[in-house]
$ cat query-v2.txt   # compact mmCIF, C-alpha atoms
# COMPACT_ATOMS: atom_id res chain seq x y z
CA MET G 1 -15.08 -12.77 4.23
CA ILE G 2 -16.10 -9.69 6.18
CA VAL G 3 -19.22 -7.88 4.95
CA CYS G 4 -19.13 -4.09 5.35
CA PRO G 5 -22.05 -2.87 7.48
CA ASN G 6 -22.07 0.41 5.52
CA CYS G 7 -22.07 -0.69 1.85
CA SER G 8 -22.35 -4.55 2.04
CA ASN G 9 -19.05 -4.99 0.15
CA LYS G 10 -17.35 -8.34 0.79
CA ASN G 11 -13.83 -7.78 2.17
CA MET G 12 -10.94 -10.17 2.81
CA ASP G 13 -10.62 -11.70 6.27
CA GLY G 14 -8.41 -9.54 8.44
CA ALA G 15 -9.30 -6.25 6.73
CA MET G 16 -9.80 -3.40 9.16
CA PHE G 17 -11.42 -1.02 6.67
CA CYS G 18 -13.77 -1.63 3.74
CA ALA G 19 -11.98 -1.72 0.39
CA GLU G 20 -14.99 -0.06 -1.27
CA CYS G 21 -16.09 2.74 1.08
CA GLY G 22 -13.27 2.91 3.68
CA SER G 23 -15.57 2.31 6.67
CA GLN G 24 -14.10 0.57 9.71
CA LEU G 25 -15.04 -3.09 9.86
CA GLY G 26 -16.02 -4.57 13.22
CA GLU G 27 -15.99 -2.95 16.62
CA GLY G 28 -13.13 -0.52 17.33
CA ASP G 29 -11.70 -2.38 20.33
CA SER G 30 -12.41 -5.90 19.07
CA LEU G 31 -10.27 -5.75 15.93
CA ILE G 32 -7.62 -8.44 15.83
CA THR G 33 -4.53 -8.18 13.67
CA GLN G 34 -3.97 -11.30 11.59
CA THR G 35 -0.81 -12.48 9.94
CA ILE G 36 -0.92 -12.20 6.16
CA SER G 37 1.23 -14.60 4.18
CA THR G 38 3.45 -13.36 1.38
CA ASP G 39 3.13 -16.69 -0.48
CA LYS G 40 1.02 -15.07 -3.23
CA PHE G 41 3.62 -12.34 -3.58
CA GLU G 42 6.50 -14.81 -3.78
CA HIS G 43 4.70 -16.90 -6.41
CA ALA G 44 3.63 -13.88 -8.50
CA ARG G 45 6.99 -12.14 -8.52
CA LYS G 46 8.99 -15.10 -9.83
CA GLY G 47 7.66 -14.75 -13.37
CA ASN G 48 7.03 -10.99 -13.42
CA ALA G 49 9.74 -8.71 -14.85
CA HIS G 50 8.01 -5.65 -13.35
CA ASN G 51 8.96 -6.84 -9.88
CA ASP G 52 12.71 -7.24 -10.46
CA MET G 53 13.32 -4.82 -7.59
CA TYR G 54 12.06 -7.51 -5.19
CA GLN G 55 14.13 -10.39 -6.55
CA SER G 56 16.69 -10.34 -3.72
CA PHE G 57 14.20 -9.51 -0.97
CA ASP G 58 13.72 -12.25 1.61
CA GLY G 59 11.44 -10.33 4.00
CA SER G 60 13.63 -10.70 7.09
CA ASP G 61 14.56 -7.00 7.21
CA ALA G 62 11.08 -5.61 6.48
CA TRP G 63 9.67 -2.94 8.80
CA GLY G 64 6.26 -3.10 7.17
CA SER G 65 4.34 -3.96 4.04
CA LEU G 66 1.67 -2.71 1.67
CA HIS G 67 -1.36 -4.99 1.37
CA LEU G 68 -3.12 -4.40 -1.96
CA LEU G 69 -6.78 -4.69 -1.04
CA ASP G 70 -8.04 -5.52 -4.55
CA THR G 71 -5.66 -8.43 -5.19
CA GLY G 72 -4.61 -9.53 -1.71
CA GLN G 73 -0.94 -9.28 -2.65
CA VAL G 74 1.57 -8.02 -0.12
CA LEU G 75 4.54 -5.81 -1.05
CA PRO G 76 7.19 -5.78 1.71
CA LEU G 77 9.05 -2.62 2.72
CA SER G 78 12.69 -3.52 3.35
CA ALA G 79 15.22 -1.94 5.69
CA LYS G 80 15.42 1.07 3.38
CA SER G 81 13.72 3.95 5.19
CA GLU G 82 12.02 5.75 2.28
CA PHE G 83 10.14 4.62 -0.83
CA THR G 84 8.46 6.49 -3.67
CA LEU G 85 5.26 4.90 -4.97
CA GLY G 86 3.97 5.30 -8.49
CA ARG G 87 3.87 3.68 -11.89
CA VAL G 88 6.35 3.32 -14.71
CA SER G 89 5.62 5.18 -17.92
CA GLU G 90 7.53 4.82 -21.18
CA GLY G 91 10.09 7.59 -21.58
CA GLN G 92 9.91 8.54 -17.90
CA PRO G 93 13.43 9.39 -16.68
CA ILE G 94 12.62 9.00 -12.98
CA MET G 95 11.38 5.64 -11.70
CA PRO G 96 9.40 5.04 -8.49
CA ASP G 97 10.96 2.71 -5.92
CA ILE G 98 7.73 0.70 -5.87
CA ASP G 99 6.18 0.28 -9.31
CA LEU G 100 2.44 -0.26 -9.00
CA SER G 101 1.94 -0.68 -12.78
CA PRO G 102 1.33 -4.46 -12.53
CA TYR G 103 -1.66 -3.75 -10.25
CA GLN G 104 -3.68 -1.66 -12.75
CA ALA G 105 -2.22 1.58 -11.36
CA TYR G 106 -2.84 3.56 -14.55
CA ALA G 107 -6.55 2.66 -14.62
CA ALA G 108 -6.82 3.44 -10.88
CA GLY G 109 -5.39 6.94 -11.37
CA VAL G 110 -1.97 6.47 -9.80
CA SER G 111 0.50 9.16 -10.89
CA ARG G 112 3.98 8.30 -12.14
CA LEU G 113 5.46 9.66 -8.91
CA HIS G 114 2.44 9.64 -6.63
CA ALA G 115 3.57 9.47 -3.02
CA VAL G 116 6.32 8.71 -0.51
CA ILE G 117 6.21 6.41 2.51
CA LYS G 118 9.04 6.74 4.97
CA ARG G 119 10.19 5.63 8.38
CA ALA G 120 11.40 8.44 10.64
CA GLY G 121 12.50 6.96 13.94
CA ASP G 122 9.48 5.15 15.37
CA ARG G 123 7.02 7.05 13.14
CA ILE G 124 5.79 6.12 9.66
CA LEU G 125 5.00 9.12 7.46
CA PHE G 126 3.15 9.40 4.16
CA LEU G 127 3.44 12.27 1.68
CA ASP G 128 1.42 12.98 -1.48
CA LEU G 129 3.73 14.36 -4.19
CA GLY G 130 1.08 16.58 -5.80
CA SER G 131 -0.59 13.68 -7.59
CA ALA G 132 -3.33 14.32 -10.14
CA ASN G 133 -5.96 12.11 -8.47
CA GLY G 134 -4.99 12.62 -4.84
CA THR G 135 -4.14 10.45 -1.88
CA TYR G 136 -6.60 9.47 0.82
CA ILE G 137 -5.86 8.06 4.27
CA ASN G 138 -8.85 6.26 5.78
CA GLY G 139 -11.11 8.20 3.42
CA LYS G 140 -9.73 11.68 4.14
CA ARG G 141 -7.86 13.50 1.38
CA LEU G 142 -4.22 14.25 2.15
CA ALA G 143 -3.00 17.73 1.27
CA PRO G 144 -0.17 17.67 -1.32
CA ASN G 145 3.36 17.83 0.11
CA ALA G 146 2.09 17.56 3.71
CA GLU G 147 3.35 14.63 5.80
CA GLN G 148 0.76 12.50 7.55
CA ALA G 149 1.58 9.94 10.25
CA LEU G 150 0.37 6.38 9.62
CA VAL G 151 -0.48 3.59 12.03
CA HIS G 152 -0.85 -0.15 11.51
CA GLY G 153 -4.03 -0.91 9.57
CA ASP G 154 -4.50 2.49 7.92
CA VAL G 155 -5.97 2.30 4.41
CA VAL G 156 -4.27 4.54 1.87
CA ALA G 157 -5.86 5.17 -1.53
CA LEU G 158 -3.62 6.37 -4.35
CA GLY G 159 -6.35 7.56 -6.68
CA LYS G 160 -8.59 4.47 -6.54
CA LEU G 161 -5.83 1.94 -5.74
CA LYS G 162 -6.26 0.97 -2.09
CA LEU G 163 -3.43 -0.29 0.11
CA GLN G 164 -3.58 -1.30 3.76
CA ILE G 165 -0.48 -0.40 5.77
CA LEU G 166 0.86 -3.31 7.82
CA LEU G 167 3.62 -2.48 10.27
CA LYS G 168 5.88 -4.89 12.13
CA ASN G 169 5.73 -4.67 15.91
CA ALA G 170 2.56 -2.60 15.74
$ encode --input "query-v2.txt" --output "structure tokens"
Amino acid sequence: MIVCPNCSNKNMDGAMFCAECGSQLGEGDSLITQTISTDKFEHARKGNAHNDMYQSFDGSDAWGSLHLLDTGQVLPLSAKSEFTLGRVSEGQPIMPDIDLSPYQAYAAGVSRLHAVIKRAGDRILFLDLGSANGTYINGKRLAPNAEQALVHGDVVALGKLKLQILLKNA
């Protein structure tokens, strides 16, 4: 566990930013990237109908992943270059590519179509789709419909749901 020097929150080993307040953990130059296993993800998805979209995913073509800071689960981003993030709602005609409903997205204030993460060449971009509760990158609010570049380790909050961006070859 890593204890945040700002708010004393206990964070998972390997976290670069506090899950509670968003403060950087450790010294800027001494941060070490650690490998995070997807074993929890593999075990959880086998019995969960909400994650059917991941059933054929083996992880070998992933360019990055989303690390859910509250649960420790990792959602891989496959070779597809663009994903919408949000939650499923009954009667909703448009579905997000990544359904965050199983991770208490409604309670955290995640909109049905909240944001987009995409790979554009060697850059990773994030876009808030005009969500009701906003999107924050490392604690700073992202303007709606304005692309923001991401780097490995950035913490993105969709409402109150916090995800750490993990990029391959970062």
$ closest_atom_pairs --input "query-v2.txt" --of "region 53-144 of chain G" --to "region 157-162 of chain G" --cutoff "8 Å" --atoms "only C-alpha atoms" --output "Markdown table"
| residue | atom | partner | partner_atom | distance |
| --- | --- | --- | --- | --- |
| G:Leu68 | CA | G:Lys162 | CA | 6.2 |
| G:Leu69 | CA | G:Lys162 | CA | 5.8 |
| G:Asp70 | CA | G:Lys162 | CA | 7.2 |
| G:Ala105 | CA | G:Leu161 | CA | 6.7 |
| G:Ala108 | CA | G:Lys160 | CA | 4.8 |
| G:Gly109 | CA | G:Gly159 | CA | 4.8 |
| G:Val110 | CA | G:Gly159 | CA | 5.5 |
| G:His114 | CA | G:Leu158 | CA | 7.3 |
| G:Ala115 | CA | G:Leu158 | CA | 7.9 |
| G:Asn133 | CA | G:Gly159 | CA | 4.9 |
| G:Gly134 | CA | G:Gly159 | CA | 5.6 |
| G:Thr135 | CA | G:Leu158 | CA | 4.8 |
| G:Tyr136 | CA | G:Ala157 | CA | 5.0 |
| G:Ile137 | CA | G:Ala157 | CA | 6.5 |
| G:Asn138 | CA | G:Ala157 | CA | 8.0 |
| G:Gly139 | CA | G:Ala157 | CA | 7.8 |
$ write_last_selection --input "query-v2.txt" --atoms "C-alpha atoms" --output "CSV table (one decimal), keeping the file's coordinate frame"
chain,number,residue,atom,x,y,z
G,68,LEU,CA,-3.1,-4.4,-2.0
G,69,LEU,CA,-6.8,-4.7,-1.0
G,70,ASP,CA,-8.0,-5.5,-4.6
G,105,ALA,CA,-2.2,1.6,-11.4
G,108,ALA,CA,-6.8,3.4,-10.9
G,109,GLY,CA,-5.4,6.9,-11.4
G,110,VAL,CA,-2.0,6.5,-9.8
G,114,HIS,CA,2.4,9.6,-6.6
G,115,ALA,CA,3.6,9.5,-3.0
G,133,ASN,CA,-6.0,12.1,-8.5
G,134,GLY,CA,-5.0,12.6,-4.8
G,135,THR,CA,-4.1,10.4,-1.9
G,136,TYR,CA,-6.6,9.5,0.8
G,137,ILE,CA,-5.9,8.1,4.3
G,138,ASN,CA,-8.8,6.3,5.8
G,139,GLY,CA,-11.1,8.2,3.4
$ closest_residue --input "query-v2.txt" --among "G:His67, G:Lys118, G:Lys80, G:Arg112" --to "Ile165 (chain G)" --atoms "all atoms listed in the file"
G:His67
$ atom_distance --input "query-v2.txt" --atom1 "CA of Gly130 (chain G)" --atom2 "CA of Leu142 (chain G)"
9.8 Å
$ atom_distance --input "query-v2.txt" --atom1 "CA of Ala132 (chain G)" --atom2 "CA of Glu82 (chain G)"
21.5 Å
$ atom_distance --input "query-v2.txt" --atom1 "CA of Cys7 (chain G)" --atom2 "CA of Tyr106 (chain G)"
25.6 Å
$ residues_around --input "query-v2.txt" --residues "Trp63 (chain G)" --least-positions-apart "6" --cutoff "8 Å" --atoms "all atoms listed in the file" --output "list in words"
Leu77, Ser78, Ala79, Leu167 and Lys168 of chain G
$ closest_residue --input "query-v2.txt" --among "G:Gly153, G:Arg119, G:Ser23, G:Leu129" --to "Ala62 (chain G)" --atoms "all atoms listed in the file"
G:Arg119
$ closest_residue --input "query-v2.txt" --among "G:Ser65, G:Asn145, G:Asn9, G:Gln24" --to "Gln164 (chain G)" --atoms "all atoms listed in the file"
G:Ser65
$ closest_residue --input "query-v2.txt" --among "G:Ile2, G:Cys21, G:Ile117, G:Leu163" --to "Ala149 (chain G)" --atoms "all atoms listed in the file"
G:Ile117
$ residues_around --input "query-v2.txt" --residues "Ile98 (chain G)" --least-positions-apart "2" --cutoff "7 Å" --atoms "all atoms listed in the file" --output "list in words"
Phe83, Thr84, Leu85, Gly86, Pro96 and Leu100 of chain G
$ write_last_selection --input "query-v2.txt" --atoms "C-alpha atoms" --output "PDB file, keeping the file's coordinate frame"
ATOM      1  CA  PHE G  83      10.140   4.620  -0.830  1.00  0.00           C
ATOM      2  CA  THR G  84       8.460   6.490  -3.670  1.00  0.00           C
ATOM      3  CA  LEU G  85       5.260   4.900  -4.970  1.00  0.00           C
ATOM      4  CA  GLY G  86       3.970   5.300  -8.490  1.00  0.00           C
ATOM      5  CA  PRO G  96       9.400   5.040  -8.490  1.00  0.00           C
ATOM      6  CA  LEU G 100       2.440  -0.260  -9.000  1.00  0.00           C
TER       7      LEU G 100
END
